[in-house]
file run.txt (compact mmCIF, C-alpha atoms)
# COMPACT_ATOMS: atom_id res chain seq x y z
CA MET A 1 -20.73 66.41 3.44
CA GLU A 2 -17.71 64.13 3.95
CA LYS A 3 -17.60 65.00 7.66
CA PHE A 4 -21.30 64.17 7.99
CA ASN A 5 -20.74 60.76 6.36
CA GLN A 6 -17.86 60.01 8.74
CA THR A 7 -20.06 60.93 11.69
CA ILE A 8 -22.80 58.63 10.45
CA VAL A 9 -20.30 55.75 10.03
CA LYS A 10 -18.93 56.29 13.55
CA PHE A 11 -22.42 56.42 14.99
CA SER A 12 -23.45 53.21 13.21
CA ARG A 13 -20.33 51.43 14.50
CA PHE A 14 -21.17 52.63 18.01
CA LEU A 15 -24.71 51.27 17.69
CA GLN A 16 -23.40 47.95 16.38
CA LEU A 17 -20.99 47.70 19.32
CA LEU A 18 -23.82 48.56 21.70
CA THR A 19 -25.95 45.81 20.15
CA ILE A 20 -23.20 43.23 20.54
CA VAL A 21 -22.65 44.24 24.17
CA ALA A 22 -26.40 43.93 24.82
CA ILE A 23 -26.45 40.47 23.23
CA ALA A 24 -23.47 39.45 25.37
CA LEU A 25 -25.22 40.66 28.54
CA LEU A 26 -28.34 38.77 27.53
CA GLY A 27 -26.19 35.67 27.04
CA ILE A 28 -24.70 36.03 30.53
CA CYS A 29 -28.18 36.38 32.05
CA LEU A 30 -29.36 33.38 30.07
CA VAL A 31 -26.48 31.22 31.29
CA ILE A 32 -27.38 32.15 34.88
CA VAL A 33 -31.02 31.18 34.27
CA LEU A 34 -29.83 27.99 32.55
CA PHE A 35 -27.89 26.92 35.65
CA ILE A 36 -30.81 27.83 37.93
CA SER A 37 -33.07 25.68 35.75
CA LEU A 38 -30.52 22.86 35.82
CA PHE A 39 -30.37 23.05 39.62
CA ALA A 40 -34.18 22.98 39.89
CA LEU A 41 -34.32 20.05 37.48
CA GLY A 42 -31.70 18.18 39.50
CA ASN A 43 -33.65 18.73 42.70
CA GLN A 44 -36.84 17.57 41.04
CA LEU A 45 -35.18 14.43 39.67
CA LEU A 46 -33.65 13.57 43.05
CA THR A 47 -37.00 13.86 44.82
CA PHE A 48 -38.94 12.15 42.01
CA ASN A 49 -41.04 9.14 42.91
CA LEU A 50 -43.64 7.15 41.00
CA THR A 51 -46.58 8.95 42.55
CA ASP A 52 -45.44 12.34 41.21
CA ASP A 53 -46.62 13.70 37.91
CA TYR A 54 -43.95 12.78 35.35
CA PHE A 55 -45.31 15.39 32.92
CA ARG A 56 -44.01 18.08 35.25
CA VAL A 57 -40.50 16.61 35.09
CA LEU A 58 -40.75 16.36 31.31
CA ASP A 59 -41.83 20.01 31.14
CA GLU A 60 -38.82 21.03 33.25
CA VAL A 61 -36.49 19.14 30.90
CA ILE A 62 -38.09 20.89 27.93
CA VAL A 63 -37.69 24.32 29.54
CA PHE A 64 -34.04 23.53 30.24
CA PHE A 65 -33.40 22.68 26.59
CA LEU A 66 -35.29 25.80 25.52
CA PHE A 67 -32.85 27.93 27.53
CA PHE A 68 -30.01 25.90 26.05
CA GLU A 69 -31.23 26.67 22.50
CA PHE A 70 -31.51 30.37 23.30
CA ALA A 71 -27.92 30.29 24.56
CA ALA A 72 -26.85 28.61 21.31
CA MET A 73 -28.65 31.31 19.34
CA ILE A 74 -26.88 34.06 21.28
CA ILE A 75 -23.51 32.37 20.73
CA SER A 76 -24.26 32.18 17.01
CA ALA A 77 -25.22 35.84 16.97
CA LEU A 78 -22.01 36.83 18.74
CA LYS A 79 -19.89 34.78 16.33
CA HIS A 80 -21.47 36.52 13.33
CA ASN A 81 -21.42 40.12 14.64
CA GLY A 82 -25.06 40.18 15.69
CA HIS A 83 -26.48 38.32 12.68
CA ILE A 84 -28.25 34.97 12.74
CA SER A 85 -28.70 32.84 9.64
CA VAL A 86 -32.14 31.79 8.47
CA ASN A 87 -31.03 28.14 8.43
CA PHE A 88 -30.13 28.35 12.11
CA LEU A 89 -33.48 29.89 13.00
CA MET A 90 -35.37 27.31 10.96
CA SER A 91 -33.48 24.47 12.64
CA LEU A 92 -34.30 25.98 16.02
CA GLY A 93 -37.94 26.04 14.98
CA ILE A 94 -37.81 22.39 13.97
CA THR A 95 -36.23 21.34 17.27
CA ALA A 96 -38.76 23.42 19.22
CA LEU A 97 -41.62 21.77 17.36
CA LEU A 98 -40.09 18.33 17.91
CA ARG A 99 -39.80 19.10 21.59
CA GLY A 100 -43.45 20.15 21.62
CA LEU A 101 -44.38 16.98 19.76
CA ILE A 102 -42.59 14.83 22.31
CA ALA A 103 -44.27 16.57 25.24
CA SER A 104 -47.67 16.82 23.59
CA HIS A 105 -50.46 15.99 25.98
CA GLY A 106 -53.22 16.96 23.58
CA SER A 107 -55.38 15.39 20.96
CA SER A 108 -54.34 13.59 17.81
CA SER A 109 -55.17 16.67 15.71
CA GLU A 110 -52.60 18.65 17.71
CA ILE A 111 -49.98 15.99 16.96
CA VAL A 112 -50.83 16.11 13.24
CA LEU A 113 -50.50 19.91 13.26
CA TYR A 114 -47.07 19.65 14.90
CA ALA A 115 -46.00 17.11 12.27
CA LEU A 116 -47.27 19.31 9.42
CA ALA A 117 -45.45 22.33 10.81
CA ILE A 118 -42.22 20.32 11.04
CA LEU A 119 -42.71 19.10 7.47
CA LEU A 120 -43.27 22.66 6.21
CA LEU A 121 -40.12 23.90 7.92
CA ILE A 122 -38.08 21.05 6.45
CA ILE A 123 -39.48 21.74 2.98
CA GLY A 124 -38.65 25.41 3.48
CA MET A 125 -35.08 24.57 4.45
CA VAL A 126 -34.66 22.36 1.37
CA ILE A 127 -36.00 25.10 -0.90
CA LEU A 128 -33.76 27.67 0.77
CA ASN A 129 -30.64 25.54 0.44
CA ARG A 130 -31.31 24.30 -3.07
CA PHE A 131 -32.74 27.31 -4.92
CA ILE A 132 -31.95 30.48 -2.96
CA LYS A 133 -28.35 29.97 -1.84

call {"tool": "encode", "arguments": {"input": "run.txt", "output": "structure tokens"}}
result
Amino acid sequence: MEKFNQTIVKFSRFLQLLTIVAIALLGICLVIVLFISLFALGNQLLTFNLTDDYFRVLDEVIVFFLFFEFAAMIISALKHNGHISVNFLMSLGITALLRGLIASHGSSSEIVLYALAILLLIIGMVILNRFIK
């Protein structure tokens, strides 16, 4: 039975190492996509004139920061051996909703829903930090 337990421990360590390597490879791919997006954004800003649709440029900036947040999440996961804290994920959700609120092209009800979602996430973070930790 002891030999079986040692085999299970070795196998779980191998799987954890495999997960960390996969996260690192994903991070490398994401950095490449981040620079491609930055290059496309730079080209779009250099050729931008007043007759172009500025919403398209704003959407490109938002996509760039989305890739940037994913890279930050992967860095956080690598620092903590593949684990990501709930606070970090909630703060990513808040920034994503804020980004959506800034780029919102919809109705006023859509803006109110974004604001309510941000408020709920902030309340959830306060409850998590105050009562659960």

call {"tool": "atom_distance", "arguments": {"input": "run.txt", "atom1": "atom CA of A:Gly42", "atom2": "atom CA of A:Asp59"}}
result
13.3 Å

call {"tool": "residues_near_point", "arguments": {"input": "run.txt", "point": "(-46.9, 14.9, 26.1)", "cutoff": "12 Å", "atoms": "only C-alpha atoms", "output": "MDAnalysis selection string"}}
result
chainID A and resid 53:59 62 98:108 110:111

call {"tool": "closest_residue", "arguments": {"input": "run.txt", "among": "A:Ala24, A:Leu113, A:Val61, A:Leu128", "to": "A:Met90", "atoms": "all atoms listed in the file"}}
result
A:Leu128

call {"tool": "atom_distance", "arguments": {"input": "run.txt", "atom1": "atom CA of A:Ile84", "atom2": "atom CA of A:Phe11"}}
result
22.3 Å

call {"tool": "residues_around", "arguments": {"input": "run.txt", "residues": "A:Leu66", "least_positions_apart": "4", "cutoff": "12 Å", "atoms": "all atoms listed in the file", "output": "PyMOL selection string"}}
result
chain A and resi 30-31+33-34+37-38+59-62+70-73+92-93+95-100

call {"tool": "atom_distance", "arguments": {"input": "run.txt", "atom1": "atom CA of A:Glu69", "atom2": "atom CA of A:Leu89"}}
result
10.3 Å

call {"tool": "closest_residue", "arguments": {"input": "run.txt", "among": "A:Ile127, A:Leu78, A:Ile122, A:Ser109", "to": "A:Thr19", "atoms": "all atoms listed in the file"}}
result
A:Leu78

call {"tool": "closest_residue", "arguments": {"input": "run.txt", "among": "A:Met1, A:Ile74, A:Ile123, A:Lys79", "to": "A:Ile28", "atoms": "all atoms listed in the file"}}
result
A:Ile74

call {"tool": "axis_aligned_box", "arguments": {"input": "run.txt", "around": "stretch 88-99 of chain A", "padding_each_side": "4 Å", "output": "lines of an AutoDock Vina configuration file"}}
result
center_x = -35.9
center_y = 24.1
center_z = 16.3
size_x = 19.5
size_y = 19.6
size_z = 18.6

call {"tool": "closest_residue", "arguments": {"input": "run.txt", "among": "A:Phe65, A:Ile23, A:Lys10, A:Val112", "to": "A:Phe35", "atoms": "all atoms listed in the file"}}
result
A:Phe65

call {"tool": "residues_around", "arguments": {"input": "run.txt", "residues": "A:Ile20", "least_positions_apart": "6", "cutoff": "9 Å", "atoms": "all atoms listed in the file", "output": "VMD selection string"}}
result
chain A and resid 77 to 78 81 to 82
